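Everything below concerns the one structure shown next.
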Amino acid sequence: MRINGINYEIDWTKFRKGRSFFVPCLDAEEAKAVVASTMDRLGFEVKVKLVIEDGFRGLRVWRVG
């Protein structure tokens, strides 16, 4: 998954319901679009929220289904 010019390699086999990951990003709208596209392709239902973690702005993505 490529967001804001950075490739993120996520082990999708471990991304089970109830788990989440954080993606730091500058352009939240672009990042949300990439996440949505990837999740649609994989058939994952997720919740995405713009957050600040450890001083970094980004998206927290939870798998809900």
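In the structure tokens, each chain is lettered A, B, ... as it comes, each chain's residues begin at 1, and ligands are numbered from 1 in order of appearance.
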
> Quick one: DSSP strand (DSSP E or B) residues in chain A, as a PyMOL selection string?
Replying inline: chain A and resi 2-3+6-7+20-24+46-53+56-63

Any chance you could export the current selection's N, CA and C atoms as a PDB file, in the first residue's frame?
ATOM      1  N   ARG A   2       0.703   2.134  -0.936  1.00  0.00           N
ATOM      2  CA  ARG A   2       1.551   3.320  -1.074  1.00  0.00           C
ATOM      3  C   ARG A   2       0.744   4.562  -0.687  1.00  0.00           C
ATOM      4  N   ILE A   3       1.200   5.251   0.379  1.00  0.00           N
ATOM      5  CA  ILE A   3       0.524   6.442   0.877  1.00  0.00           C
ATOM      6  C   ILE A   3       1.534   7.568   1.000  1.00  0.00           C
ATOM      7  N   ILE A   6       5.124   6.739   0.272  1.00  0.00           N
ATOM      8  CA  ILE A   6       5.813   5.748   1.096  1.00  0.00           C
ATOM      9  C   ILE A   6       5.090   4.405   0.953  1.00  0.00           C
ATOM     10  N   ASN A   7       5.867   3.350   0.716  1.00  0.00           N
ATOM     11  CA  ASN A   7       5.297   2.012   0.621  1.00  0.00           C
ATOM     12  C   ASN A   7       5.167   1.406   2.014  1.00  0.00           C
ATOM     13  N   SER A  20      -5.811  -3.346  14.517  1.00  0.00           N
ATOM     14  CA  SER A  20      -5.686  -2.054  13.838  1.00  0.00           C
ATOM     15  C   SER A  20      -4.237  -1.791  13.479  1.00  0.00           C
ATOM     16  N   PHE A  21      -4.051  -0.790  12.623  1.00  0.00           N
ATOM     17  CA  PHE A  21      -2.708  -0.302  12.321  1.00  0.00           C
ATOM     18  C   PHE A  21      -2.771   1.206  12.149  1.00  0.00           C
ATOM     19  N   PHE A  22      -1.620   1.845  12.322  1.00  0.00           N
ATOM     20  CA  PHE A  22      -1.491   3.301  12.215  1.00  0.00           C
ATOM     21  C   PHE A  22      -0.623   3.625  11.013  1.00  0.00           C
ATOM     22  N   VAL A  23      -1.068   4.599  10.227  1.00  0.00           N
ATOM     23  CA  VAL A  23      -0.304   5.065   9.064  1.00  0.00           C
ATOM     24  C   VAL A  23      -0.100   6.567   9.208  1.00  0.00           C
ATOM     25  N   PRO A  24       1.133   7.022   9.462  1.00  0.00           N
ATOM     26  CA  PRO A  24       1.359   8.464   9.501  1.00  0.00           C
ATOM     27  C   PRO A  24       1.164   9.048   8.107  1.00  0.00           C
ATOM     28  N   VAL A  46     -13.632  -1.847   7.356  1.00  0.00           N
ATOM     29  CA  VAL A  46     -12.791  -1.146   8.327  1.00  0.00           C
ATOM     30  C   VAL A  46     -13.438   0.154   8.791  1.00  0.00           C
ATOM     31  N   LYS A  47     -12.927   0.646   9.911  1.00  0.00           N
ATOM     32  CA  LYS A  47     -13.256   1.979  10.400  1.00  0.00           C
ATOM     33  C   LYS A  47     -11.950   2.754  10.390  1.00  0.00           C
ATOM     34  N   VAL A  48     -11.997   3.983   9.860  1.00  0.00           N
ATOM     35  CA  VAL A  48     -10.795   4.802   9.739  1.00  0.00           C
ATOM     36  C   VAL A  48     -11.013   6.110  10.480  1.00  0.00           C
ATOM     37  N   LYS A  49     -10.014   6.503  11.273  1.00  0.00           N
ATOM     38  CA  LYS A  49     -10.118   7.743  12.029  1.00  0.00           C
ATOM     39  C   LYS A  49      -8.799   8.503  11.954  1.00  0.00           C
ATOM     40  N   LEU A  50      -8.884   9.815  11.753  1.00  0.00           N
ATOM     41  CA  LEU A  50      -7.705  10.680  11.775  1.00  0.00           C
ATOM     42  C   LEU A  50      -7.337  10.914  13.231  1.00  0.00           C
ATOM     43  N   VAL A  51      -6.086  10.587  13.596  1.00  0.00           N
ATOM     44  CA  VAL A  51      -5.645  10.674  14.988  1.00  0.00           C
ATOM     45  C   VAL A  51      -4.234  11.252  15.063  1.00  0.00           C
ATOM     46  N   ILE A  52      -3.820  11.592  16.262  1.00  0.00           N
ATOM     47  CA  ILE A  52      -2.430  11.958  16.537  1.00  0.00           C
ATOM     48  C   ILE A  52      -1.911  10.957  17.557  1.00  0.00           C
ATOM     49  N   GLU A  53      -0.843  10.255  17.188  1.00  0.00           N
ATOM     50  CA  GLU A  53      -0.250   9.252  18.069  1.00  0.00           C
ATOM     51  C   GLU A  53       1.235   9.533  18.198  1.00  0.00           C
ATOM     52  N   PHE A  56       2.519  12.232  16.059  1.00  0.00           N
ATOM     53  CA  PHE A  56       2.418  12.092  14.608  1.00  0.00           C
ATOM     54  C   PHE A  56       0.954  12.033  14.197  1.00  0.00           C
ATOM     55  N   ARG A  57       0.613  12.817  13.184  1.00  0.00           N
ATOM     56  CA  ARG A  57      -0.738  12.828  12.625  1.00  0.00           C
ATOM     57  C   ARG A  57      -0.845  11.706  11.611  1.00  0.00           C
ATOM     58  N   GLY A  58      -1.960  10.977  11.646  1.00  0.00           N
ATOM     59  CA  GLY A  58      -2.133   9.900  10.688  1.00  0.00           C
ATOM     60  C   GLY A  58      -3.478   9.232  10.834  1.00  0.00           C
ATOM     61  N   LEU A  59      -3.602   8.095  10.186  1.00  0.00           N
ATOM     62  CA  LEU A  59      -4.847   7.337  10.211  1.00  0.00           C
ATOM     63  C   LEU A  59      -4.685   6.083  11.053  1.00  0.00           C
ATOM     64  N   ARG A  60      -5.670   5.818  11.886  1.00  0.00           N
ATOM     65  CA  ARG A  60      -5.772   4.546  12.602  1.00  0.00           C
ATOM     66  C   ARG A  60      -6.863   3.768  11.873  1.00  0.00           C
ATOM     67  N   VAL A  61      -6.538   2.569  11.441  1.00  0.00           N
ATOM     68  CA  VAL A  61      -7.452   1.741  10.654  1.00  0.00           C
ATOM     69  C   VAL A  61      -7.752   0.480  11.453  1.00  0.00           C
ATOM     70  N   TRP A  62      -9.041   0.296  11.806  1.00  0.00           N
ATOM     71  CA  TRP A  62      -9.486  -0.887  12.547  1.00  0.00           C
ATOM     72  C   TRP A  62     -10.257  -1.804  11.612  1.00  0.00           C
ATOM     73  N   ARG A  63      -9.993  -3.082  11.698  1.00  0.00           N
ATOM     74  CA  ARG A  63     -10.807  -4.037  10.930  1.00  0.00           C
ATOM     75  C   ARG A  63     -12.016  -4.407  11.776  1.00  0.00           C
TER      76      ARG A  63
END

> In terms of the shortest atom-to-atom distance over only C-alpha atoms, which of A:Met1, A:Lys32, A:Phe44, A:Ser37 is closest to Val64 (chain A)?
Replying inline: A:Phe44

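The spacing separating CA of Arg16 (chain A) from CA of Asn4 (chain A) amounts to 24.9 Å.
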
>> Considering only alpha helix (DSSP H) as DSSP defines it on the backbone, what residues of chain A qualify? List them as a ChimeraX atom specification.
In response: /A:28-42

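Reported to one decimal place, the separation of CA of Asp54 (chain A) from CA of Leu42 (chain A) is 29.0 Å.
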
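Shortest separation to Ile10 (chain A) among A:Ala33, A:Thr38, A:Gly43, A:Cys25 occurs at residue A:Thr38, atoms counted being only C-alpha atoms.
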
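As for CA of Gly65 (chain A) and CA of Ala31 (chain A), they are spaced 20.3 Å apart.
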